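Enquirer: Provided herewith: model_38.cif, mmCIF, C-alpha atoms and all ligand atoms.
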data_final
loop_
_atom_site.label_atom_id
_atom_site.label_comp_id
_atom_site.auth_asym_id
_atom_site.auth_seq_id
_atom_site.Cartn_x
_atom_site.Cartn_y
_atom_site.Cartn_z
CA ALA A 40 -36.21 -17.75 98.28
CA LYS A 41 -36.75 -15.35 101.18
CA GLU A 42 -36.30 -16.55 104.77
CA PRO A 43 -39.67 -16.86 106.55
CA VAL A 44 -40.66 -14.02 108.89
CA ARG A 45 -42.03 -15.11 112.26
CA ILE A 46 -45.22 -13.33 113.28
CA LEU A 47 -46.71 -13.68 116.75
CA VAL A 48 -50.44 -13.24 117.32
CA THR A 49 -51.52 -13.32 120.97
CA GLY A 50 -55.16 -14.01 121.78
CA ALA A 51 -55.16 -15.98 118.53
CA ALA A 52 -58.16 -18.14 119.52
CA GLY A 53 -60.30 -15.00 119.88
CA GLN A 54 -62.44 -13.20 117.38
CA ILE A 55 -59.85 -10.82 115.95
CA GLY A 56 -57.31 -13.62 115.92
CA TYR A 57 -59.61 -15.78 113.82
CA ALA A 58 -59.96 -12.99 111.24
CA LEU A 59 -56.30 -12.01 111.39
CA VAL A 60 -54.32 -15.23 111.01
CA PRO A 61 -55.66 -16.14 107.54
CA MET A 62 -54.85 -12.63 106.31
CA ILE A 63 -51.27 -13.03 107.53
CA ALA A 64 -51.00 -16.51 106.01
CA ARG A 65 -52.20 -15.15 102.66
CA GLY A 66 -49.46 -12.55 102.51
CA VAL A 67 -51.64 -9.52 103.20
CA VAL A 68 -49.11 -8.09 105.64
CA LEU A 69 -45.73 -8.52 103.98
CA GLY A 70 -46.59 -9.37 100.38
CA ALA A 71 -47.17 -12.44 98.26
CA ASP A 72 -43.47 -13.34 98.05
CA GLN A 73 -42.73 -13.34 101.77
CA PRO A 74 -43.09 -16.71 103.56
CA VAL A 75 -44.28 -16.55 107.16
CA ILE A 76 -44.30 -18.73 110.25
CA LEU A 77 -47.23 -18.05 112.56
CA HIS A 78 -46.78 -18.13 116.32
CA MET A 79 -50.17 -18.25 118.04
CA LEU A 80 -50.55 -17.75 121.79
CA ASP A 81 -53.63 -18.05 123.94
CA ILE A 82 -54.40 -19.11 127.50
CA ALA A 83 -55.19 -22.62 128.78
CA PRO A 84 -59.02 -22.32 128.70
CA ALA A 85 -58.74 -21.50 124.97
CA ALA A 86 -56.13 -24.16 124.14
CA GLU A 87 -58.56 -26.48 122.38
CA ALA A 88 -60.06 -23.66 120.32
CA LEU A 89 -56.55 -22.51 119.45
CA ASN A 90 -55.71 -25.98 118.21
CA GLY A 91 -58.85 -25.83 116.06
CA VAL A 92 -57.56 -22.66 114.43
CA LYS A 93 -54.28 -24.40 113.75
CA MET A 94 -56.16 -27.28 112.12
CA GLU A 95 -57.96 -24.84 109.84
CA LEU A 96 -54.69 -23.16 108.88
CA VAL A 97 -53.35 -26.55 107.83
CA ASP A 98 -56.56 -27.28 105.93
CA ALA A 99 -56.42 -23.98 104.06
CA ALA A 100 -53.06 -25.04 102.54
CA PHE A 101 -51.63 -21.52 102.35
CA PRO A 102 -48.55 -21.66 100.10
CA LEU A 103 -46.74 -18.91 102.06
CA LEU A 104 -47.31 -20.48 105.46
CA LYS A 105 -44.14 -22.38 106.39
CA GLY A 106 -45.09 -23.34 109.92
CA VAL A 107 -47.61 -22.84 112.72
CA ILE A 108 -46.89 -22.85 116.43
CA ALA A 109 -50.00 -22.93 118.61
CA THR A 110 -49.14 -22.71 122.27
CA THR A 111 -50.12 -21.53 125.74
CA ASP A 112 -46.44 -21.08 126.64
CA VAL A 113 -45.41 -17.43 126.44
CA VAL A 114 -41.72 -18.20 125.98
CA GLU A 115 -42.32 -20.64 123.13
CA ALA A 116 -44.69 -18.14 121.53
CA CYS A 117 -42.21 -15.24 121.70
CA THR A 118 -39.04 -17.07 120.67
CA GLY A 119 -37.50 -15.65 117.53
CA VAL A 120 -40.48 -13.52 116.49
CA ASN A 121 -39.84 -10.60 114.14
CA ILE A 122 -43.31 -9.07 114.50
CA ALA A 123 -45.68 -9.29 117.46
CA ILE A 124 -49.38 -8.47 117.17
CA MET A 125 -50.75 -8.36 120.71
CA VAL A 126 -54.48 -9.05 120.58
CA GLY A 127 -54.80 -11.05 123.81
CA GLY A 128 -56.06 -9.34 126.90
CA PHE A 129 -58.62 -9.30 129.63
CA PRO A 130 -61.95 -7.84 128.51
CA ARG A 131 -64.05 -5.56 130.67
CA LYS A 132 -67.03 -7.50 131.92
CA GLU A 133 -70.26 -6.07 133.22
CA GLY A 134 -69.95 -4.69 136.71
CA MET A 135 -66.15 -4.65 136.69
CA GLU A 136 -64.28 -1.60 137.91
CA ARG A 137 -61.91 0.10 135.47
CA LYS A 138 -59.09 -0.41 137.92
CA ASP A 139 -59.67 -4.18 138.04
CA VAL A 140 -59.55 -4.50 134.24
CA MET A 141 -56.45 -2.31 134.15
CA SER A 142 -54.80 -4.39 136.83
CA LYS A 143 -55.37 -7.65 134.91
CA ASN A 144 -54.00 -6.20 131.69
CA VAL A 145 -51.02 -4.58 133.37
CA SER A 146 -49.97 -7.95 134.73
CA ILE A 147 -50.48 -9.64 131.33
CA TYR A 148 -48.47 -6.97 129.47
CA LYS A 149 -45.75 -6.89 132.07
CA SER A 150 -45.07 -10.61 131.75
CA GLN A 151 -45.39 -10.71 127.97
CA ALA A 152 -42.99 -7.74 127.76
CA SER A 153 -40.37 -9.72 129.63
CA ALA A 154 -40.84 -12.75 127.37
CA LEU A 155 -40.50 -10.60 124.24
CA GLU A 156 -37.49 -8.81 125.62
CA LYS A 157 -35.69 -12.08 126.34
CA HIS A 158 -36.76 -14.22 123.41
CA ALA A 159 -37.93 -12.16 120.41
CA ALA A 160 -35.65 -11.54 117.42
CA ALA A 161 -33.55 -8.39 117.51
CA ASN A 162 -35.47 -5.39 116.18
CA CYS A 163 -38.86 -7.08 116.74
CA LYS A 164 -41.74 -4.73 115.90
CA VAL A 165 -44.72 -4.75 118.26
CA VAL A 166 -48.27 -3.51 117.82
CA VAL A 167 -50.74 -3.74 120.69
CA VAL A 168 -54.38 -4.16 119.69
CA ALA A 169 -55.92 -5.26 123.00
CA ASN A 170 -57.55 -2.56 125.08
CA PRO A 171 -56.62 -0.32 126.74
CA ALA A 172 -54.29 -0.42 123.74
CA ASN A 173 -52.19 2.70 124.35
CA THR A 174 -51.59 1.94 128.00
CA ASN A 175 -50.95 -1.76 127.43
CA ALA A 176 -48.30 -0.70 124.91
CA LEU A 177 -46.81 1.69 127.44
CA ILE A 178 -46.55 -1.07 130.05
CA LEU A 179 -45.00 -3.35 127.45
CA LYS A 180 -42.44 -0.65 126.67
CA GLU A 181 -41.60 -0.09 130.33
CA PHE A 182 -40.98 -3.79 130.97
CA ALA A 183 -39.01 -4.47 127.80
CA PRO A 184 -36.34 -1.79 128.18
CA SER A 185 -33.98 -3.41 125.69
CA ILE A 186 -36.55 -3.25 122.87
CA PRO A 187 -36.14 0.19 121.28
CA GLU A 188 -39.14 2.39 122.15
CA LYS A 189 -39.66 3.13 118.47
CA ASN A 190 -40.50 -0.56 118.00
CA ILE A 191 -43.49 -0.50 120.35
CA THR A 192 -46.76 0.87 119.00
CA CYS A 193 -50.51 0.53 119.39
CA LEU A 194 -53.28 0.23 116.84
CA THR A 195 -55.30 3.33 115.95
CA ARG A 196 -55.34 2.49 112.25
CA LEU A 197 -58.86 1.10 112.57
CA ASP A 198 -60.05 4.52 113.76
CA HIS A 199 -58.07 6.14 110.93
CA ASN A 200 -59.69 3.83 108.38
CA ARG A 201 -63.12 4.47 109.90
CA ALA A 202 -62.57 8.20 109.40
CA LEU A 203 -61.59 7.62 105.75
CA GLY A 204 -64.72 5.50 105.33
CA GLN A 205 -67.03 8.16 106.79
CA ILE A 206 -65.61 10.89 104.55
CA SER A 207 -65.85 8.67 101.49
CA GLU A 208 -69.51 7.90 102.23
CA ARG A 209 -70.38 11.50 102.95
CA LEU A 210 -68.78 12.83 99.75
CA ASN A 211 -69.69 9.79 97.69
CA VAL A 212 -66.08 9.31 96.56
CA GLN A 213 -63.85 6.24 96.51
CA VAL A 214 -62.18 5.60 99.85
CA CYS A 215 -58.81 5.19 98.09
CA ASP A 216 -59.09 8.82 96.92
CA VAL A 217 -59.34 10.14 100.51
CA LYS A 218 -56.15 10.58 102.52
CA ASN A 219 -54.39 12.23 105.43
CA VAL A 220 -57.06 12.13 108.09
CA ILE A 221 -55.51 11.97 111.56
CA ILE A 222 -56.45 10.14 114.73
CA TRP A 223 -54.92 11.94 117.71
CA GLY A 224 -54.51 10.41 121.14
CA ASN A 225 -56.14 7.47 122.81
CA HIS A 226 -57.88 4.53 121.13
CA SER A 227 -60.99 5.34 123.17
CA SER A 228 -63.96 7.64 122.90
CA THR A 229 -61.73 10.66 123.63
CA GLN A 230 -59.73 10.11 120.43
CA TYR A 231 -59.80 13.08 118.06
CA PRO A 232 -60.50 12.22 114.42
CA ASP A 233 -59.21 15.30 112.58
CA VAL A 234 -59.82 16.10 108.91
CA SER A 235 -58.29 19.61 108.91
CA HIS A 236 -55.46 18.44 106.65
CA ALA A 237 -57.24 15.64 104.79
CA THR A 238 -57.68 15.74 101.02
CA VAL A 239 -59.63 14.03 98.26
CA LYS A 240 -58.23 13.25 94.82
CA THR A 241 -60.61 14.70 92.21
CA PRO A 242 -60.38 15.01 88.41
CA SER A 243 -59.29 18.64 88.97
CA GLY A 244 -56.57 17.83 91.55
CA GLU A 245 -56.42 17.33 95.29
CA LYS A 246 -59.07 19.23 97.27
CA PRO A 247 -59.21 19.82 101.04
CA VAL A 248 -61.87 17.76 102.81
CA PRO A 249 -63.25 20.68 104.89
CA ALA A 250 -63.98 22.67 101.70
CA LEU A 251 -65.59 19.71 99.94
CA VAL A 252 -67.77 18.75 102.90
CA ALA A 253 -68.62 22.43 103.53
CA ASP A 254 -70.46 21.60 106.72
CA ASP A 255 -68.39 22.58 109.73
CA ALA A 256 -71.10 21.55 112.17
CA TRP A 257 -71.09 17.98 110.80
CA LEU A 258 -67.29 17.78 110.77
CA LYS A 259 -67.02 19.04 114.35
CA GLY A 260 -70.00 17.07 115.61
CA GLU A 261 -71.52 13.98 114.08
CA PHE A 262 -68.44 12.98 112.09
CA ILE A 263 -66.26 12.94 115.20
CA SER A 264 -68.76 11.14 117.38
CA THR A 265 -69.54 8.55 114.68
CA VAL A 266 -65.85 7.60 114.43
CA GLN A 267 -65.43 7.66 118.22
CA GLN A 268 -68.50 5.47 118.77
CA ARG A 269 -68.14 3.18 115.78
CA GLY A 270 -66.86 0.26 117.85
CA ALA A 271 -69.96 0.39 120.07
CA ALA A 272 -72.22 0.66 117.01
CA ILE A 273 -70.69 -2.52 115.55
CA ILE A 274 -71.10 -4.38 118.84
CA LYS A 275 -74.75 -3.32 118.92
CA ALA A 276 -75.31 -4.55 115.38
CA ARG A 277 -73.25 -7.74 115.46
CA LYS A 278 -73.43 -8.57 119.16
CA LEU A 279 -69.69 -9.07 118.68
CA SER A 280 -66.83 -6.63 118.35
CA SER A 281 -65.42 -5.37 115.06
CA ALA A 282 -63.07 -8.25 114.31
CA LEU A 283 -62.87 -8.10 110.51
CA SER A 284 -62.02 -4.42 110.35
CA ALA A 285 -59.69 -4.59 113.36
CA ALA A 286 -57.77 -7.48 111.77
CA SER A 287 -57.56 -5.76 108.40
CA SER A 288 -56.37 -2.52 109.99
CA ALA A 289 -53.72 -4.34 112.02
CA CYS A 290 -52.41 -5.70 108.70
CA ASP A 291 -52.39 -2.16 107.26
CA HIS A 292 -50.48 -0.91 110.32
CA ILE A 293 -47.70 -3.50 110.00
CA ARG A 294 -47.52 -3.40 106.21
CA ASP A 295 -47.09 0.36 106.06
CA TRP A 296 -44.61 0.33 108.95
CA VAL A 297 -42.43 -2.33 107.28
CA LEU A 298 -42.89 -1.51 103.60
CA GLY A 299 -43.42 2.27 103.89
CA THR A 300 -46.22 4.78 103.34
CA PRO A 301 -46.79 6.15 99.83
CA GLU A 302 -45.20 9.51 99.02
CA GLY A 303 -47.44 12.34 100.29
CA THR A 304 -49.57 10.08 102.47
CA TRP A 305 -49.51 9.67 106.21
CA VAL A 306 -51.29 7.21 108.51
CA SER A 307 -52.13 7.19 112.23
CA MET A 308 -50.18 5.08 114.71
CA GLY A 309 -50.03 5.04 118.49
CA VAL A 310 -46.36 5.75 119.22
CA TYR A 311 -44.17 6.89 122.10
CA SER A 312 -44.56 10.64 122.36
CA ASP A 313 -41.43 12.78 122.08
CA GLY A 314 -43.40 15.90 122.95
CA SER A 315 -44.37 16.74 119.36
CA TYR A 316 -47.44 19.02 119.15
CA ASN A 317 -47.04 19.67 122.88
CA VAL A 318 -48.32 16.22 123.69
CA PRO A 319 -46.72 15.16 126.98
CA ALA A 320 -43.63 13.02 126.35
CA GLY A 321 -43.78 9.50 127.73
CA LEU A 322 -47.31 8.60 126.64
CA ILE A 323 -48.21 6.23 123.83
CA TYR A 324 -50.30 8.65 121.77
CA SER A 325 -51.70 8.39 118.25
CA PHE A 326 -50.00 10.77 115.80
CA PRO A 327 -49.86 11.19 112.02
CA VAL A 328 -46.76 9.33 110.84
CA THR A 329 -44.94 8.48 107.64
CA CYS A 330 -42.90 5.29 107.38
CA ARG A 331 -39.71 4.53 105.49
CA ASN A 332 -37.10 1.78 105.75
CA GLY A 333 -39.06 0.16 108.57
CA GLU A 334 -39.20 3.29 110.74
CA TRP A 335 -42.02 5.70 111.51
CA LYS A 336 -41.63 9.45 111.87
CA ILE A 337 -44.19 11.86 113.29
CA VAL A 338 -45.35 14.34 110.63
CA GLN A 339 -44.19 17.76 111.80
CA GLY A 340 -45.41 21.30 111.26
CA LEU A 341 -49.17 20.78 110.84
CA SER A 342 -51.22 23.73 112.02
CA ILE A 343 -53.41 23.05 115.06
CA ASP A 344 -56.34 25.44 115.56
CA GLU A 345 -57.99 26.18 118.88
CA PHE A 346 -60.73 23.56 118.44
CA SER A 347 -58.15 20.88 117.68
CA ARG A 348 -55.86 21.98 120.53
CA LYS A 349 -58.58 21.35 123.09
CA LYS A 350 -59.27 17.90 121.64
CA LEU A 351 -55.56 16.96 121.58
CA ASP A 352 -55.24 18.01 125.22
CA LEU A 353 -58.39 16.23 126.37
CA THR A 354 -57.29 12.85 125.04
CA ALA A 355 -53.76 13.42 126.42
CA GLU A 356 -55.28 14.05 129.85
CA GLU A 357 -57.14 10.77 129.67
CA LEU A 358 -53.92 8.95 128.75
CA THR A 359 -52.07 10.60 131.61
CA GLU A 360 -54.77 9.36 133.99
CA GLU A 361 -54.66 5.86 132.49
CA LYS A 362 -50.90 5.84 132.93
CA ALA A 363 -51.25 6.79 136.60
CA LEU A 364 -53.90 4.10 137.08
CA ALA A 365 -51.66 1.50 135.42
CA TYR A 366 -48.74 2.48 137.66
CA SER A 367 -50.94 2.28 140.74
CA CYS A 368 -51.68 -1.34 139.75
CA LEU A 369 -47.96 -2.11 139.72
CA SER A 370 -47.29 -1.13 143.28
P1 LIG A 401 -61.80 -12.06 122.22
O1 LIG A 401 -62.25 -12.11 123.64
O2 LIG A 401 -62.60 -12.77 121.18
O3 LIG A 401 -60.30 -12.64 122.13
C1 LIG A 401 -59.32 -12.34 123.06
C2 LIG A 401 -58.45 -13.58 123.22
O4 LIG A 401 -57.35 -13.26 124.08
C3 LIG A 401 -59.19 -14.76 123.85
O5 LIG A 401 -59.03 -15.91 123.04
C4 LIG A 401 -58.50 -14.91 125.20
O6 LIG A 401 -58.46 -16.26 125.65
C5 LIG A 401 -57.12 -14.38 124.87
N1 LIG A 401 -56.32 -14.03 126.04
C6 LIG A 401 -56.72 -13.56 127.24
N2 LIG A 401 -55.68 -13.38 128.06
C7 LIG A 401 -54.58 -13.74 127.36
C8 LIG A 401 -53.20 -13.81 127.68
N3 LIG A 401 -52.74 -13.47 128.90
N4 LIG A 401 -52.35 -14.23 126.72
C9 LIG A 401 -52.79 -14.60 125.51
N5 LIG A 401 -54.08 -14.57 125.15
C10 LIG A 401 -54.97 -14.15 126.07
O7 LIG A 401 -61.63 -10.53 121.88
P2 LIG A 401 -61.46 -9.83 120.44
O8 LIG A 401 -62.79 -9.38 119.95
O9 LIG A 401 -60.62 -10.69 119.57
O10 LIG A 401 -60.67 -8.52 120.86
C11 LIG A 401 -59.37 -8.60 121.38
C12 LIG A 401 -58.94 -7.27 121.96
O11 LIG A 401 -58.83 -6.28 120.95
C13 LIG A 401 -59.90 -6.69 123.00
O12 LIG A 401 -59.12 -6.15 124.05
C14 LIG A 401 -60.59 -5.59 122.25
O13 LIG A 401 -61.07 -4.58 123.13
C15 LIG A 401 -59.48 -5.09 121.38
N6 LIG A 401 -59.87 -4.33 120.19
C16 LIG A 401 -59.03 -3.31 119.79
C17 LIG A 401 -59.27 -2.59 118.66
C18 LIG A 401 -58.33 -1.50 118.23
O14 LIG A 401 -58.62 -0.84 117.22
N7 LIG A 401 -57.21 -1.24 118.89
C19 LIG A 401 -60.45 -2.86 117.83
C20 LIG A 401 -61.26 -3.97 118.29
C21 LIG A 401 -60.96 -4.66 119.44
#
Output the file's structure in the form of structure tokens.
Expert:
Amino acid sequence: AKEPVRILVTGAAGQIGYALVPMIARGVVLGADQPVILHMLDIAPAAEALNGVKMELVDAAFPLLKGVIATTDVVEACTGVNIAIMVGGFPRKEGMERKDVMSKNVSIYKSQASALEKHAAANCKVVVVANPANTNALILKEFAPSIPEKNITCLTRLDHNRALGQISERLNVQVCDVKNVIIWGNHSSTQYPDVSHATVKTPSGEKPVPALVADDAWLKGEFISTVQQRGAAIIKARKLSSALSAASSACDHIRDWVLGTPEGTWVSMGVYSDGSYNVPAGLIYSFPVTCRNGEWKIVQGLSIDEFSRKKLDLTAEELTEEKALAYSCLS
């Protein structure tokens, strides 16, 4: 039998946490033959709710679930974890300044970085979901210098999946037949959902999405803004954020990272920029990546037209500003 893998979920008493932990316990992330031990962290005001989630995990009698730790102690939560899904954070409340939200999250991610650095298993893989996701991941990277930078990522897979969903609806094709959309940049409204290189599997072979849609104005306008604003549209409809799809996409992110992307398919991940596509190095920026043997690699050599260039630069500028704001909170 395989040794259990320890998976940390922070903010586990929250909405995304509640959708995410049963998926993990069912084997959605690492497969139906991989036992898991769940580490769930939340803060003291949520301790009772967190314990309720633990009770439900016991009640669901998941065969793969070999243990559950529910704690408000960061060290206990981080000890020995192989995978960390960082969903906990401080939400922006009405009337709050951006700087104040940033400052709260910077201090959370700074201290959780230290705990992971000291106590997580070697080669622990981290994905940050909590907003501002890219910049939280950057802070985590800065304060966990012994964790390789390639192990620290943020979630833009939900945006990627939203783009696949929009194309599938527009063309009335199965979503599994659409591939290779790209989310560039920040997980925010400046992200650039790009279908220049996306394709659809048809009975007569793979066809480029731009040719099939044949409506440049829609692709450059409504399509982009729909994906960018989808989170707000869900909040408006549900009065709650998009927990189901965020949880599912976080599972996709980890699964593909660990088990690999299919041949000829790439996905979007927020990763530490090495300067590819003239994106400033030293930002956590969403790129198209392929994964193999537990490692991601930025897809190289894609053509970037003038329209795309502007969009890539705009979202990079926002991330550069966020980085400066985050650093100003540290001093
Ligand atoms: P939520 O408010 O329901 O849950 C957040 C949980 O984090 C709460 O239980 C809270 O007590 C906990 N928490 C706060 N500070 C913590 C700390 N220092 N350590 C551990 N836990 C802490 O929020 P929800 O809807 O689950 O969303 C979580 C985050 O994910 C938000 O920041 C949201 O903006 C973000 N998000 C990101 C998406 C993405 O695609 N990257 C998509 C949707 C949401």
Enquirer: What's around stretch 286-302 of chain A at 6 Å? Count only C-alpha atoms, leave out sequence neighbours fewer than 5 positions away in its own chain, and write the answer as a tab-separated table (two decimals) with C-alpha atoms, in the frame of the given file.
Expert:
chain	number	residue	atom	x	y	z
A	55	ILE	CA	-59.85	-10.82	115.95
A	58	ALA	CA	-59.96	-12.99	111.24
A	59	LEU	CA	-56.30	-12.01	111.39
A	68	VAL	CA	-49.11	-8.09	105.64
A	69	LEU	CA	-45.73	-8.52	103.98
A	196	ARG	CA	-55.34	2.49	112.25
A	197	LEU	CA	-58.86	1.10	112.57
A	329	THR	CA	-44.94	8.48	107.64
A	330	CYS	CA	-42.90	5.29	107.38
A	331	ARG	CA	-39.71	4.53	105.49
A	333	GLY	CA	-39.06	0.16	108.57
Enquirer: When you look at A:Asn144 with a cut-off of 12 Å (counting only C-alpha atoms), what residues show up, excluding the ones that are within fewer than 4 positions of it in the same chain? I need them as a PyMOL selection string.
Expert: chain A and resi 125-131+137-140+148-152+167+169-179+364-366+368-369
Enquirer: For atom CA of A:Ile337 and atom CA of A:Ser315, determine how far apart the two atoms are, in Å to one decimal place.
Expert: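 Atom-to-atom, atom CA of A:Ile337 and atom CA of A:Ser315 are spaced 7.8 Å apart.
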Enquirer: What is the atom CA of A:Ser142-atom CA of A:Ile191 distance in Å, reported with one decimal?
Expert: 20.4 Å
Enquirer: Smallest atom-to-atom distance to A:Leu353: which of A:Leu77, A:Val318, A:Leu194, A:Val266, using all atoms listed in the file?
Expert: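 Closest residue, counting all atoms listed in the file: A:Val318.
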Enquirer: Which residue, A:Gly70, A:Gly303, A:Gly204, A:Pro247, has the smallest gap to A:Thr265 when you use all atoms listed in the file?
Expert: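 Of A:Gly70, A:Gly303, A:Gly204, A:Pro247, the one nearest A:Thr265 is A:Gly204, counting all atoms listed in the file.
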Enquirer: For a test of reading the model, state the distance in Å between atom CA of A:Thr195 and atom CA of A:Pro84, rounded to one decimal.
Expert: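 Atom-to-atom, atom CA of A:Thr195 and atom CA of A:Pro84 are spaced 28.9 Å apart.
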Enquirer: May I ask which of the residues A:Val212, A:Cys193, A:Ala161, A:Leu358 is the closest one to ligand LIG 401 (chain A), counting all atoms listed in the file?
Expert: A:Cys193
Enquirer: List as an mmCIF file with C-alpha atoms, keeping the file's coordinate frame the protein and nucleic acid residues near A:Gln339, meaning an atom at most 9 Å away when all atoms listed in the file are counted, but skip any in the same chain fewer than 6 places from it.
Expert:
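Printed below is selection-v3.cif as written:
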data_model
loop_
_atom_site.group_PDB
_atom_site.id
_atom_site.type_symbol
_atom_site.label_atom_id
_atom_site.label_comp_id
_atom_site.auth_asym_id
_atom_site.auth_seq_id
_atom_site.Cartn_x
_atom_site.Cartn_y
_atom_site.Cartn_z
ATOM 1 C CA SER A 315 -44.370 16.740 119.360
ATOM 2 C CA TYR A 316 -47.440 19.020 119.150
ATOM 3 C CA PRO A 327 -49.860 11.190 112.020
ATOM 4 C CA VAL A 328 -46.760 9.330 110.840
#
Enquirer: Fewer than 2 positions away in the same chain doesn't count, so skip those; otherwise give me all residues within 12 Å of A:Ala71, counting all atoms listed in the file, as a list in words.
Expert: Lys41, Met62, Ile63, Ala64, Arg65, Gly66, Val67, Val68, Leu69, Gln73, Pro74, Val75, Phe101, Pro102, Leu103 and Leu104 of chain A
Enquirer: Take the selection from the previous step and output its residues with C-alpha atoms, as a compact mmCIF listing (two decimals), in the coordinates of the input.
Expert:
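The resulting file, selection-v3.txt, is reproduced below:
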# COMPACT_ATOMS: atom_id res chain seq x y z
CA LYS A 41 -36.75 -15.35 101.18
CA MET A 62 -54.85 -12.63 106.31
CA ILE A 63 -51.27 -13.03 107.53
CA ALA A 64 -51.00 -16.51 106.01
CA ARG A 65 -52.20 -15.15 102.66
CA GLY A 66 -49.46 -12.55 102.51
CA VAL A 67 -51.64 -9.52 103.20
CA VAL A 68 -49.11 -8.09 105.64
CA LEU A 69 -45.73 -8.52 103.98
CA GLN A 73 -42.73 -13.34 101.77
CA PRO A 74 -43.09 -16.71 103.56
CA VAL A 75 -44.28 -16.55 107.16
CA PHE A 101 -51.63 -21.52 102.35
CA PRO A 102 -48.55 -21.66 100.10
CA LEU A 103 -46.74 -18.91 102.06
CA LEU A 104 -47.31 -20.48 105.46
Enquirer: Can you tell me which residues surround A:Ala355 at a distance of at most 8 Å, considering all atoms listed in the file, apart from same-chain residues fewer than 2 positions away, and format the answer as a ChimeraX atom specification?
Expert: /A:224-225,318-319,324,351-353,357-359
Enquirer: Taking all atoms listed in the file into account, which of A:Ala85, A:Ile274, A:Leu341, A:Ala202 comes nearest ligand LIG 401 (chain A)?
Expert: A:Ala85
Enquirer: I need the residue nearest A:Pro61 from this list: A:Glu345, A:Glu356, A:Asp112, A:Asp98. Use all atoms listed in the file for the distance.
Expert: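 Counting all atoms listed in the file, the residue closest to A:Pro61 is A:Asp98.
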Enquirer: With distances taken over all atoms listed in the file, which residue among A:Ala285, A:Ala154, A:Ala160, A:Ala88 lies nearest ligand LIG 401 (chain A)?
Expert: A:Ala285
Enquirer: For a quick check of your reading of the model, name the residues lying within 7 Å of the coordinate (-37.5, -6.1, 116.7), counting all atoms listed in the file, and write them as a list in words.
Expert: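 Residues satisfying the cut-off, written out: Asn121, Ile122, Ala160, Ala161, Asn162, Cys163, Lys164, Ile186 and Asn190 of chain A.
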